[in-house]
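**Q** One structure, pasted below without further comment.
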Amino acid sequence: MSEGVRTPPRGGGFRFKVRGPRDFYGGLVLIALAIIAIWASGDLPGTHGFAFGPGTAPRLFAGLLAIVGALVALSGLLVDGPPVEPYAVRGPAWVLLAILAFAGMIRGLNIGPVTIPPLGLVPSTFAAFMISIFGSTEMRWVESLIAAVAMTAFCVGLFVYLLQLPFQLWPWI
Amino acid sequence: MSELLANLALGFSVAASPYNIGFCLLGALVGTLVGVLPGIGTVATVAMLLPITFGLPPVGALIMLAGIYYGAQYGGSTTSVLVNIPGEATSVITCLDGHQMARQGRAGAALSIAAIGSFFAGCVSTVLVAALGVPLTSIALLFGPAEYFSLMLLGLIFAVVLAKGSVLKSIAMVVTGLLLSMVGSDLETGAGRMTFDIAELSDGIGFTNVAMGLFGFAEIIRNLEMSQESRDIVKGKISGLMPTRQDLIDASGAIARGTVLGSLLGILPGGGAVVASFAAYTFEKRISKNPERFGRGAIQGVAAPESANNAAAQTSFIPLLTLGIPPNAVMALMVGAMTIHGIVPGPQVMTKQPELFWGMIASMWLGNLMLVVINLPLVGVWVSLLRVPYRLLYPSIIVFCCIGIYSINNSPTDVVIAAIFGLFGYWLNKHDFEPAPLVLAFVLGPLMEENLRRAMLIARGDATVFLTRPISAGLIAVAAGLLVIAALPMIRKRREEVFVE
């Protein structure tokens with residue numbers, strides 16, 4: 001019934017209305033992914049006689065992904081669908097930061113001007129725990145600090161003493 | 001028949017010595033304890049614990065390894081149910097309904113039914129391995145590269161059919177998974193493919209990184225934006241730890257069907273156990289009177305894949321013991337362990353070292369028994385983990401996952417890759433894409449490519465080979481049929497929507 005009230009989408013010129021944004025943009029990103037893959041595997045030799053080259057399968061699947069991605073995008077253009085949900089920033093940012101901090105600290109890091117010495121398991125675990133805590137709105141300082149210490153101790157006991165994994169524990173060992 | 005009984009009797013006389021039972025129990029216990037840590041899957045657990053079996057006699061070592069293997073696998077299912085992180089590809093499916101059950105306060109029932117289903121599947125498939133090992137090997141020999149390719153294609157179609165959302169989007173995920181699995185060195189020429197000159201990518205993207213990112217990190221990020229009430233894993237109070245009579249009745253059919261499917265699919269090398277759990281789940285959903293309950297905490301959705309993957313794990317010993325072909329990474333480790341003890345896996349094991357062969361088969365059953373013995377009492381312990389408030393639980397999971405990923409290769413880059421997949425998983429969720437088909441395609445991708453290349457080479461570039469060879473054509477026909485069945489309701493529904501408008 002709303003059809004009659006709304007201005008017709010294909011009334012004049014190029015006024016497109018994306019009916020299912022979730023699918024439409026999802027499909028577009030998949031196409032972009034496919035293009036990156038085709039570009040990245042472009043220098044690999046392709047089919048040679050009957051034999052597949054190293055580049056054949058990646059380009060085959062990338063081409064297929066581009067087609068399927070286009071179909072998904074097309075269905076998003078033509079069929080009504082839900083809007084894209086808003087993205088949260090706080091949670092993803094702190095979780096990502098915590099993981100990156102762990103990765104950067106455990107064995108040190110040397111990218112351009114940034115240099116982190118290898119800090120070992122104990123500081124990395126503690127820092128990752130404390131950083132990720134900020135992803136939630138309900139953090140409590142004292143409780144978090146106690147939990148971080150307990151968790152670090154537990155991980156050291158488990159991975160280093162029980163499982164005997166060769167980890168560097170502290171910056172100086 | 002009498003020969004079978006005599007063989008099994010020999011096996012049990014070897015396996016059931018007090019020492020070996022002790023090794024088995026110890027293995028299952030340690031395997032569960034390590035496997036239950038999120039981030040450490042079956043392969044990693046077996047690899048980590050392999051060295052402790054070196055000092056044992058060969059039979060004892062293999063029996064202990066079998067115990068570790070089952071323990072680790074069950075541990076993986078436990079994390080799937082409790083925190084929605086599958087330890088390995090076979091327990092991806094368990095997440096779907098198992099975690100939903102946990103959210104409804106029925107984690108205990110889910111874990112118990114998983115243990116009971118696994119045990120039943122183990123009992124049946126142990127007998128099956130003993131009885132059918134030799135004749136079934138001949139079927140596996142009929143499979144050439146074309147057939148393997150078609151089989152894996154069928155597996156991927158299963159994954160598409162079972163996904164919740166649109167068929168088209170699931171196919172998109174399968175193709176994405178295949179493409180991601182291409183990253184790394186080419187199998188034949190060693191050329192680096194799509195590695196962007198990052199040294200860590202030359203070995204490919206690790207399965208753990210993908211699984212942890214898409215399921216572990218993405219889940220956490222997603223949970224953080226929910227309100228506190230909807231996020232706490234257990235909403236109401238945790239109802240009884242043991243499954244009710246009704247649960248057992250509901251699950252019994254699923255367990256039996258899962259066992260049959262799993263036993264059959266496990267024999268075929270190339271991700272048999274993975275395909276089996278997907279297939280069993282799809283099958284249950286199809287024949288169920290109320291399929292809408294699947295994905296919302298249906299007990300059949302836990303019972304079927306858990307029975308199937310355990311049955312398949314068992315029967316996947318058949319190609320290993322009879323052909324010497326390891327069908328998956330864990331079996332490859334088993335081969336390694338066997339060679340260390342001077343046993344070369346293959347047909348000769350059965351004739352030359354019957355006590356080892358049958359001892360191992362008997363120990364599989366013992367391993368399963370130990371699993372039930374250990375885990376039914378521990379269910380309460382695992383479930384009580386859910387009472388930890390989420391604001392403290394999620395940093396712990398993040399830290400665990402980071403250490404787990406890092407420990408596999410001592411590579412910080414792997415941790416970063418997992419983080420990237422976490423963001424990717426968050427994005428996928430925002431656009432209603434399902435990660436499960438992607439993960440299966442990612443696991444099967446390299447095998448599919450290898451067999452595709454081989455088949456094409458043998459057929460001299462003729463792509464019709466997949467349709468002219470009967471077994472391959474049959475598998476493709478089933479795949480096509482499944483796809484049509486899955487797509488039909490979607491098309492019909494769309495038409496209805498149009499009519500409503």
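Chain labels A, B, ... are given in the sequence in which chains occur in the structure tokens; within each chain residues are numbered consecutively from 1, and ligands are likewise numbered from 1 in the order shown.
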List as a ChimeraX atom specification the protein and nucleic acid residues near stretch 130-132 of chain A, meaning an atom at most 6 Å away when only C-alpha atoms are counted, but skip any in the same chain fewer than 2 places from it.

**A** /A:94-95,98,127-128,134-135 /B:395

**Q** Only residues of chain A matter here; which ones have an atom within 8 Å of chain B, counting only C-alpha atoms? Give them as a PDB file with N, CA, C and O atoms, in the first residue's frame.

**A**
ATOM      1  N   MET A   1       0.819  -1.194   0.000  1.00  0.00           N
ATOM      2  CA  MET A   1       0.000   0.000   0.000  1.00  0.00           C
ATOM      3  C   MET A   1       0.862   1.257   0.000  1.00  0.00           C
ATOM      4  O   MET A   1       0.500   2.286  -0.535  1.00  0.00           O
ATOM      5  N   ARG A  22      22.134  -3.794   3.529  1.00  0.00           N
ATOM      6  CA  ARG A  22      23.013  -4.798   4.135  1.00  0.00           C
ATOM      7  C   ARG A  22      23.638  -5.683   3.065  1.00  0.00           C
ATOM      8  O   ARG A  22      24.846  -5.895   3.027  1.00  0.00           O
ATOM      9  N   ASP A  23      22.796  -6.201   2.169  1.00  0.00           N
ATOM     10  CA  ASP A  23      23.293  -7.061   1.105  1.00  0.00           C
ATOM     11  C   ASP A  23      24.087  -6.262   0.086  1.00  0.00           C
ATOM     12  O   ASP A  23      25.115  -6.708  -0.406  1.00  0.00           O
ATOM     13  N   GLY A  26      27.456  -5.322   1.465  1.00  0.00           N
ATOM     14  CA  GLY A  26      28.162  -6.594   1.681  1.00  0.00           C
ATOM     15  C   GLY A  26      28.713  -7.126   0.376  1.00  0.00           C
ATOM     16  O   GLY A  26      29.876  -7.517   0.291  1.00  0.00           O
ATOM     17  N   ALA A  37      42.315  -9.778  -4.646  1.00  0.00           N
ATOM     18  CA  ALA A  37      42.897 -11.108  -4.851  1.00  0.00           C
ATOM     19  C   ALA A  37      43.383 -11.267  -6.291  1.00  0.00           C
ATOM     20  O   ALA A  37      44.455 -11.827  -6.541  1.00  0.00           O
ATOM     21  N   ALA A  40      46.522  -9.336  -6.544  1.00  0.00           N
ATOM     22  CA  ALA A  40      47.635  -9.939  -5.809  1.00  0.00           C
ATOM     23  C   ALA A  40      48.147 -11.205  -6.477  1.00  0.00           C
ATOM     24  O   ALA A  40      49.308 -11.574  -6.329  1.00  0.00           O
ATOM     25  N   SER A  41      47.274 -11.912  -7.195  1.00  0.00           N
ATOM     26  CA  SER A  41      47.734 -13.149  -7.830  1.00  0.00           C
ATOM     27  C   SER A  41      48.017 -12.931  -9.316  1.00  0.00           C
ATOM     28  O   SER A  41      48.230 -13.868 -10.054  1.00  0.00           O
ATOM     29  N   LEU A  44      51.282 -14.393 -10.912  1.00  0.00           N
ATOM     30  CA  LEU A  44      51.556 -15.828 -10.849  1.00  0.00           C
ATOM     31  C   LEU A  44      51.264 -16.473 -12.205  1.00  0.00           C
ATOM     32  O   LEU A  44      50.293 -16.121 -12.865  1.00  0.00           O
ATOM     33  N   GLY A  49      49.422 -25.670 -20.657  1.00  0.00           N
ATOM     34  CA  GLY A  49      49.008 -26.940 -21.230  1.00  0.00           C
ATOM     35  C   GLY A  49      47.826 -27.472 -20.454  1.00  0.00           C
ATOM     36  O   GLY A  49      46.853 -26.761 -20.240  1.00  0.00           O
ATOM     37  N   PHE A  50      47.933 -28.713 -19.987  1.00  0.00           N
ATOM     38  CA  PHE A  50      46.846 -29.289 -19.201  1.00  0.00           C
ATOM     39  C   PHE A  50      46.998 -28.968 -17.722  1.00  0.00           C
ATOM     40  O   PHE A  50      46.102 -29.182 -16.933  1.00  0.00           O
ATOM     41  N   ALA A  51      48.185 -28.490 -17.344  1.00  0.00           N
ATOM     42  CA  ALA A  51      48.466 -28.342 -15.918  1.00  0.00           C
ATOM     43  C   ALA A  51      48.057 -26.967 -15.420  1.00  0.00           C
ATOM     44  O   ALA A  51      48.329 -25.962 -16.074  1.00  0.00           O
ATOM     45  N   PHE A  52      47.401 -26.944 -14.273  1.00  0.00           N
ATOM     46  CA  PHE A  52      47.105 -25.700 -13.589  1.00  0.00           C
ATOM     47  C   PHE A  52      48.416 -25.067 -13.144  1.00  0.00           C
ATOM     48  O   PHE A  52      49.298 -25.756 -12.671  1.00  0.00           O
ATOM     49  N   PRO A  54      50.261 -22.083 -10.535  1.00  0.00           N
ATOM     50  CA  PRO A  54      49.941 -21.611  -9.187  1.00  0.00           C
ATOM     51  C   PRO A  54      48.870 -20.517  -9.197  1.00  0.00           C
ATOM     52  O   PRO A  54      48.162 -20.330  -8.215  1.00  0.00           O
ATOM     53  N   GLY A  55      48.772 -19.784 -10.294  1.00  0.00           N
ATOM     54  CA  GLY A  55      47.828 -18.667 -10.319  1.00  0.00           C
ATOM     55  C   GLY A  55      46.428 -19.055 -10.751  1.00  0.00           C
ATOM     56  O   GLY A  55      45.486 -18.277 -10.584  1.00  0.00           O
ATOM     57  N   ALA A  57      44.041 -21.408  -9.780  1.00  0.00           N
ATOM     58  CA  ALA A  57      42.980 -21.550  -8.783  1.00  0.00           C
ATOM     59  C   ALA A  57      42.649 -20.231  -8.077  1.00  0.00           C
ATOM     60  O   ALA A  57      41.474 -19.888  -7.949  1.00  0.00           O
ATOM     61  N   PRO A  58      43.658 -19.455  -7.630  1.00  0.00           N
ATOM     62  CA  PRO A  58      43.307 -18.185  -6.983  1.00  0.00           C
ATOM     63  C   PRO A  58      42.481 -17.276  -7.891  1.00  0.00           C
ATOM     64  O   PRO A  58      41.482 -16.695  -7.454  1.00  0.00           O
ATOM     65  N   PHE A  61      38.881 -18.723  -8.252  1.00  0.00           N
ATOM     66  CA  PHE A  61      38.014 -18.477  -7.100  1.00  0.00           C
ATOM     67  C   PHE A  61      37.744 -16.982  -6.927  1.00  0.00           C
ATOM     68  O   PHE A  61      36.652 -16.593  -6.519  1.00  0.00           O
ATOM     69  N   ALA A  62      38.744 -16.141  -7.238  1.00  0.00           N
ATOM     70  CA  ALA A  62      38.532 -14.702  -7.125  1.00  0.00           C
ATOM     71  C   ALA A  62      37.470 -14.247  -8.128  1.00  0.00           C
ATOM     72  O   ALA A  62      36.588 -13.453  -7.798  1.00  0.00           O
ATOM     73  N   LEU A  64      35.101 -16.106  -9.342  1.00  0.00           N
ATOM     74  CA  LEU A  64      33.835 -16.631  -8.837  1.00  0.00           C
ATOM     75  C   LEU A  64      33.288 -15.733  -7.723  1.00  0.00           C
ATOM     76  O   LEU A  64      32.089 -15.432  -7.670  1.00  0.00           O
ATOM     77  N   LEU A  65      34.199 -15.284  -6.841  1.00  0.00           N
ATOM     78  CA  LEU A  65      33.778 -14.424  -5.728  1.00  0.00           C
ATOM     79  C   LEU A  65      33.226 -13.108  -6.265  1.00  0.00           C
ATOM     80  O   LEU A  65      32.220 -12.595  -5.754  1.00  0.00           O
ATOM     81  N   VAL A  68      29.676 -13.881  -7.526  1.00  0.00           N
ATOM     82  CA  VAL A  68      28.724 -14.078  -6.426  1.00  0.00           C
ATOM     83  C   VAL A  68      28.507 -12.769  -5.673  1.00  0.00           C
ATOM     84  O   VAL A  68      27.380 -12.425  -5.310  1.00  0.00           O
ATOM     85  N   GLY A  69      29.604 -12.020  -5.458  1.00  0.00           N
ATOM     86  CA  GLY A  69      29.493 -10.729  -4.789  1.00  0.00           C
ATOM     87  C   GLY A  69      28.567  -9.793  -5.551  1.00  0.00           C
ATOM     88  O   GLY A  69      27.734  -9.098  -4.969  1.00  0.00           O
ATOM     89  N   LEU A  71      26.160 -10.691  -7.536  1.00  0.00           N
ATOM     90  CA  LEU A  71      24.778 -11.167  -7.383  1.00  0.00           C
ATOM     91  C   LEU A  71      24.199 -10.727  -6.040  1.00  0.00           C
ATOM     92  O   LEU A  71      23.039 -10.301  -5.958  1.00  0.00           O
ATOM     93  N   VAL A  72      25.028 -10.824  -4.972  1.00  0.00           N
ATOM     94  CA  VAL A  72      24.556 -10.397  -3.649  1.00  0.00           C
ATOM     95  C   VAL A  72      24.228  -8.908  -3.667  1.00  0.00           C
ATOM     96  O   VAL A  72      23.174  -8.473  -3.183  1.00  0.00           O
ATOM     97  N   VAL A  84      21.812  -1.304   7.341  1.00  0.00           N
ATOM     98  CA  VAL A  84      23.042  -1.718   8.009  1.00  0.00           C
ATOM     99  C   VAL A  84      22.992  -1.216   9.444  1.00  0.00           C
ATOM    100  O   VAL A  84      22.711  -0.049   9.686  1.00  0.00           O
ATOM    101  N   GLU A  85      23.259  -2.129  10.375  1.00  0.00           N
ATOM    102  CA  GLU A  85      23.286  -1.726  11.785  1.00  0.00           C
ATOM    103  C   GLU A  85      24.448  -0.786  12.021  1.00  0.00           C
ATOM    104  O   GLU A  85      25.487  -0.928  11.386  1.00  0.00           O
ATOM    105  N   TYR A  87      27.808   0.608  13.513  1.00  0.00           N
ATOM    106  CA  TYR A  87      28.966  -0.076  14.074  1.00  0.00           C
ATOM    107  C   TYR A  87      29.327   0.556  15.401  1.00  0.00           C
ATOM    108  O   TYR A  87      29.307   1.780  15.540  1.00  0.00           O
ATOM    109  N   ALA A  88      29.657  -0.285  16.368  1.00  0.00           N
ATOM    110  CA  ALA A  88      30.150   0.239  17.630  1.00  0.00           C
ATOM    111  C   ALA A  88      31.626   0.556  17.458  1.00  0.00           C
ATOM    112  O   ALA A  88      32.302  -0.025  16.613  1.00  0.00           O
ATOM    113  N   GLY A  91      33.944  -1.020  21.808  1.00  0.00           N
ATOM    114  CA  GLY A  91      34.290  -2.433  21.984  1.00  0.00           C
ATOM    115  C   GLY A  91      35.376  -2.888  21.025  1.00  0.00           C
ATOM    116  O   GLY A  91      36.457  -3.317  21.446  1.00  0.00           O
ATOM    117  N   PRO A  92      35.125  -2.785  19.707  1.00  0.00           N
ATOM    118  CA  PRO A  92      36.124  -3.248  18.747  1.00  0.00           C
ATOM    119  C   PRO A  92      37.476  -2.576  18.940  1.00  0.00           C
ATOM    120  O   PRO A  92      38.518  -3.235  18.883  1.00  0.00           O
ATOM    121  N   VAL A  95      39.277  -3.935  22.158  1.00  0.00           N
ATOM    122  CA  VAL A  95      39.656  -5.342  21.996  1.00  0.00           C
ATOM    123  C   VAL A  95      40.828  -5.451  21.027  1.00  0.00           C
ATOM    124  O   VAL A  95      41.824  -6.135  21.283  1.00  0.00           O
ATOM    125  N   LEU A  96      40.722  -4.717  19.897  1.00  0.00           N
ATOM    126  CA  LEU A  96      41.797  -4.736  18.906  1.00  0.00           C
ATOM    127  C   LEU A  96      43.100  -4.236  19.524  1.00  0.00           C
ATOM    128  O   LEU A  96      44.162  -4.836  19.366  1.00  0.00           O
ATOM    129  N   ILE A  99      44.673  -6.856  21.781  1.00  0.00           N
ATOM    130  CA  ILE A  99      45.319  -7.951  21.052  1.00  0.00           C
ATOM    131  C   ILE A  99      46.628  -7.462  20.429  1.00  0.00           C
ATOM    132  O   ILE A  99      47.662  -8.137  20.505  1.00  0.00           O
ATOM    133  N   LEU A 100      46.579  -6.257  19.839  1.00  0.00           N
ATOM    134  CA  LEU A 100      47.786  -5.722  19.215  1.00  0.00           C
ATOM    135  C   LEU A 100      48.867  -5.464  20.262  1.00  0.00           C
ATOM    136  O   LEU A 100      50.051  -5.690  20.011  1.00  0.00           O
ATOM    137  N   PHE A 102      49.296  -7.140  23.001  1.00  0.00           N
ATOM    138  CA  PHE A 102      49.884  -8.438  23.338  1.00  0.00           C
ATOM    139  C   PHE A 102      50.895  -8.838  22.271  1.00  0.00           C
ATOM    140  O   PHE A 102      52.027  -9.220  22.571  1.00  0.00           O
ATOM    141  N   ALA A 103      50.463  -8.735  20.988  1.00  0.00           N
ATOM    142  CA  ALA A 103      51.328  -9.158  19.882  1.00  0.00           C
ATOM    143  C   ALA A 103      52.606  -8.324  19.848  1.00  0.00           C
ATOM    144  O   ALA A 103      53.689  -8.839  19.573  1.00  0.00           O
ATOM    145  N   GLY A 104      52.477  -7.022  20.146  1.00  0.00           N
ATOM    146  CA  GLY A 104      53.641  -6.149  20.068  1.00  0.00           C
ATOM    147  C   GLY A 104      54.598  -6.321  21.229  1.00  0.00           C
ATOM    148  O   GLY A 104      55.807  -6.179  21.082  1.00  0.00           O
ATOM    149  N   ILE A 106      54.941  -9.107  23.388  1.00  0.00           N
ATOM    150  CA  ILE A 106      55.469 -10.398  23.824  1.00  0.00           C
ATOM    151  C   ILE A 106      56.862 -10.675  23.278  1.00  0.00           C
ATOM    152  O   ILE A 106      57.708 -11.227  23.975  1.00  0.00           O
ATOM    153  N   ARG A 107      57.120 -10.269  22.027  1.00  0.00           N
ATOM    154  CA  ARG A 107      58.473 -10.495  21.525  1.00  0.00           C
ATOM    155  C   ARG A 107      59.134  -9.227  21.042  1.00  0.00           C
ATOM    156  O   ARG A 107      60.111  -9.253  20.308  1.00  0.00           O
ATOM    157  N   THR A 125      50.511 -10.225  29.085  1.00  0.00           N
ATOM    158  CA  THR A 125      49.212 -10.737  29.502  1.00  0.00           C
ATOM    159  C   THR A 125      48.488  -9.719  30.365  1.00  0.00           C
ATOM    160  O   THR A 125      47.307  -9.427  30.158  1.00  0.00           O
ATOM    161  N   ALA A 128      47.350  -6.749  28.184  1.00  0.00           N
ATOM    162  CA  ALA A 128      46.239  -7.089  27.294  1.00  0.00           C
ATOM    163  C   ALA A 128      44.945  -7.177  28.089  1.00  0.00           C
ATOM    164  O   ALA A 128      43.900  -6.688  27.662  1.00  0.00           O
ATOM    165  N   PHE A 129      45.013  -7.767  29.286  1.00  0.00           N
ATOM    166  CA  PHE A 129      43.825  -7.901  30.126  1.00  0.00           C
ATOM    167  C   PHE A 129      43.305  -6.519  30.510  1.00  0.00           C
ATOM    168  O   PHE A 129      42.125  -6.212  30.353  1.00  0.00           O
ATOM    169  N   MET A 130      44.219  -5.658  30.989  1.00  0.00           N
ATOM    170  CA  MET A 130      43.786  -4.347  31.475  1.00  0.00           C
ATOM    171  C   MET A 130      43.263  -3.468  30.339  1.00  0.00           C
ATOM    172  O   MET A 130      42.336  -2.683  30.527  1.00  0.00           O
ATOM    173  N   SER A 132      41.817  -4.545  27.510  1.00  0.00           N
ATOM    174  CA  SER A 132      40.539  -5.037  26.993  1.00  0.00           C
ATOM    175  C   SER A 132      39.390  -4.724  27.952  1.00  0.00           C
ATOM    176  O   SER A 132      38.249  -4.590  27.541  1.00  0.00           O
ATOM    177  N   ILE A 133      39.714  -4.570  29.234  1.00  0.00           N
ATOM    178  CA  ILE A 133      38.702  -4.214  30.232  1.00  0.00           C
ATOM    179  C   ILE A 133      37.932  -2.963  29.835  1.00  0.00           C
ATOM    180  O   ILE A 133      36.735  -2.840  30.049  1.00  0.00           O
ATOM    181  N   GLY A 135      36.901  -2.042  27.078  1.00  0.00           N
ATOM    182  CA  GLY A 135      35.905  -2.241  26.036  1.00  0.00           C
ATOM    183  C   GLY A 135      34.492  -2.257  26.583  1.00  0.00           C
ATOM    184  O   GLY A 135      33.534  -1.991  25.880  1.00  0.00           O
ATOM    185  N   SER A 136      34.358  -2.565  27.861  1.00  0.00           N
ATOM    186  CA  SER A 136      33.042  -2.633  28.474  1.00  0.00           C
ATOM    187  C   SER A 136      32.792  -1.367  29.278  1.00  0.00           C
ATOM    188  O   SER A 136      33.718  -0.744  29.792  1.00  0.00           O
ATOM    189  N   GLU A 138      31.241  -1.331  32.003  1.00  0.00           N
ATOM    190  CA  GLU A 138      31.008  -1.660  33.415  1.00  0.00           C
ATOM    191  C   GLU A 138      32.288  -1.922  34.185  1.00  0.00           C
ATOM    192  O   GLU A 138      32.295  -2.669  35.154  1.00  0.00           O
ATOM    193  N   MET A 139      33.408  -1.387  33.714  1.00  0.00           N
ATOM    194  CA  MET A 139      34.650  -1.762  34.374  1.00  0.00           C
ATOM    195  C   MET A 139      34.750  -1.179  35.784  1.00  0.00           C
ATOM    196  O   MET A 139      34.246  -0.097  36.074  1.00  0.00           O
ATOM    197  N   SER A 144      39.074  -5.318  38.536  1.00  0.00           N
ATOM    198  CA  SER A 144      39.795  -5.618  37.314  1.00  0.00           C
ATOM    199  C   SER A 144      41.264  -5.901  37.586  1.00  0.00           C
ATOM    200  O   SER A 144      41.841  -6.830  37.034  1.00  0.00           O
ATOM    201  N   ALA A 147      41.630  -9.274  39.116  1.00  0.00           N
ATOM    202  CA  ALA A 147      41.393 -10.313  38.117  1.00  0.00           C
ATOM    203  C   ALA A 147      42.572 -10.425  37.154  1.00  0.00           C
ATOM    204  O   ALA A 147      42.968 -11.525  36.754  1.00  0.00           O
ATOM    205  N   MET A 151      44.634 -13.745  36.646  1.00  0.00           N
ATOM    206  CA  MET A 151      44.642 -14.365  35.318  1.00  0.00           C
ATOM    207  C   MET A 151      46.072 -14.545  34.809  1.00  0.00           C
ATOM    208  O   MET A 151      46.423 -15.582  34.254  1.00  0.00           O
ATOM    209  N   CYS A 155      47.766 -18.053  33.905  1.00  0.00           N
ATOM    210  CA  CYS A 155      48.315 -18.349  32.578  1.00  0.00           C
ATOM    211  C   CYS A 155      49.769 -18.783  32.662  1.00  0.00           C
ATOM    212  O   CYS A 155      50.190 -19.716  31.981  1.00  0.00           O
ATOM    213  N   LEU A 163      52.389 -26.847  31.039  1.00  0.00           N
ATOM    214  CA  LEU A 163      52.533 -27.285  29.652  1.00  0.00           C
ATOM    215  C   LEU A 163      53.960 -27.133  29.150  1.00  0.00           C
ATOM    216  O   LEU A 163      54.286 -27.550  28.044  1.00  0.00           O
ATOM    217  N   LEU A 165      55.695 -24.697  27.968  1.00  0.00           N
ATOM    218  CA  LEU A 165      55.933 -23.998  26.710  1.00  0.00           C
ATOM    219  C   LEU A 165      57.071 -22.996  26.904  1.00  0.00           C
ATOM    220  O   LEU A 165      57.176 -22.375  27.955  1.00  0.00           O
TER     221      LEU A 165
END

**Q** Determine which residues of chain A DSSP labels as strand (DSSP E) from the backbone of this structure, then write them out as a CSV table (one decimal) with N, CA and C atoms, in the first residue's frame.

**A**
chain,number,residue,atom,x,y,z
A,109,LEU,N,59.0,-5.3,19.2
A,109,LEU,CA,58.4,-4.8,17.9
A,109,LEU,C,59.4,-3.8,17.4
A,110,ASN,N,59.6,-3.8,16.0
A,110,ASN,CA,60.4,-2.8,15.4
A,110,ASN,C,59.9,-2.4,14.1
A,111,ILE,N,58.9,-1.5,14.1
A,111,ILE,CA,58.4,-1.0,12.8
A,111,ILE,C,58.7,0.5,12.7
A,114,VAL,N,58.8,3.1,15.8
A,114,VAL,CA,58.3,2.5,17.0
A,114,VAL,C,59.2,1.3,17.3
A,115,THR,N,59.7,1.3,18.5
A,115,THR,CA,60.5,0.1,18.9
A,115,THR,C,60.0,-0.3,20.3
A,116,ILE,N,59.6,-1.5,20.5
A,116,ILE,CA,59.2,-2.0,21.8
A,116,ILE,C,60.2,-3.2,22.1

**Q** Need the shell around B:Ala477: protein/DNA/RNA residues with any atom at most 12 Å away, counting only C-alpha atoms. Skip same-chain ones fewer than 4 positions apart. Format as a compact mmCIF listing (two decimals) with N, CA, C and O atoms, in the first residue's frame?

**A**
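Wrote selection.txt, looks like this:
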# COMPACT_ATOMS: atom_id res chain seq x y z
N SER B 150 34.72 -34.03 -6.00
CA SER B 150 33.26 -33.98 -5.95
C SER B 150 32.76 -34.18 -4.53
O SER B 150 31.79 -33.56 -4.10
N LEU B 151 33.45 -35.08 -3.77
CA LEU B 151 33.06 -35.32 -2.39
C LEU B 151 33.17 -34.04 -1.57
O LEU B 151 32.29 -33.70 -0.78
N LEU B 153 33.17 -31.01 -2.73
CA LEU B 153 32.15 -30.09 -3.22
C LEU B 153 30.84 -30.36 -2.49
O LEU B 153 30.16 -29.45 -2.02
N LEU B 154 30.51 -31.65 -2.36
CA LEU B 154 29.30 -32.04 -1.65
C LEU B 154 29.34 -31.52 -0.22
O LEU B 154 28.36 -31.01 0.31
N ILE B 157 28.55 -27.93 -0.15
CA ILE B 157 27.12 -27.69 -0.38
C ILE B 157 26.34 -27.95 0.91
O ILE B 157 25.42 -27.22 1.26
N PHE B 466 34.43 -34.84 -14.23
CA PHE B 466 33.68 -34.91 -12.98
C PHE B 466 32.27 -35.46 -13.20
O PHE B 466 31.62 -35.92 -12.29
N LEU B 467 31.79 -35.38 -14.44
CA LEU B 467 30.45 -35.85 -14.74
C LEU B 467 30.45 -37.20 -15.43
O LEU B 467 29.43 -37.89 -15.48
N THR B 468 31.58 -37.61 -16.00
CA THR B 468 31.60 -38.88 -16.71
C THR B 468 31.98 -40.03 -15.81
O THR B 468 31.64 -41.18 -16.08
N ARG B 469 32.69 -39.76 -14.72
CA ARG B 469 33.00 -40.86 -13.80
C ARG B 469 31.80 -41.06 -12.88
O ARG B 469 31.34 -40.11 -12.25
N PRO B 470 31.31 -42.29 -12.78
CA PRO B 470 30.02 -42.51 -12.12
C PRO B 470 29.95 -42.03 -10.67
O PRO B 470 28.99 -41.34 -10.29
N ILE B 471 30.93 -42.38 -9.84
CA ILE B 471 30.85 -42.00 -8.42
C ILE B 471 30.85 -40.48 -8.29
O ILE B 471 30.05 -39.88 -7.58
N SER B 472 31.75 -39.86 -9.05
CA SER B 472 31.86 -38.41 -9.02
C SER B 472 30.56 -37.76 -9.48
O SER B 472 30.05 -36.82 -8.86
N ALA B 473 29.99 -38.29 -10.59
CA ALA B 473 28.74 -37.74 -11.11
C ALA B 473 27.63 -37.88 -10.07
O ALA B 473 26.84 -36.95 -9.86
N GLY B 481 21.18 -31.48 -6.22
CA GLY B 481 19.83 -31.69 -5.68
C GLY B 481 19.65 -30.94 -4.37
O GLY B 481 18.66 -30.24 -4.17
N LEU B 482 20.64 -31.06 -3.48
CA LEU B 482 20.57 -30.38 -2.18
C LEU B 482 20.45 -28.88 -2.34
O LEU B 482 19.67 -28.21 -1.66
N LEU B 483 21.22 -28.36 -3.29
CA LEU B 483 21.23 -26.92 -3.52
C LEU B 483 19.86 -26.45 -3.98
O LEU B 483 19.36 -25.42 -3.52
N VAL B 484 19.25 -27.22 -4.88
CA VAL B 484 17.92 -26.85 -5.39
C VAL B 484 16.91 -26.89 -4.25
O VAL B 484 16.14 -25.94 -4.06
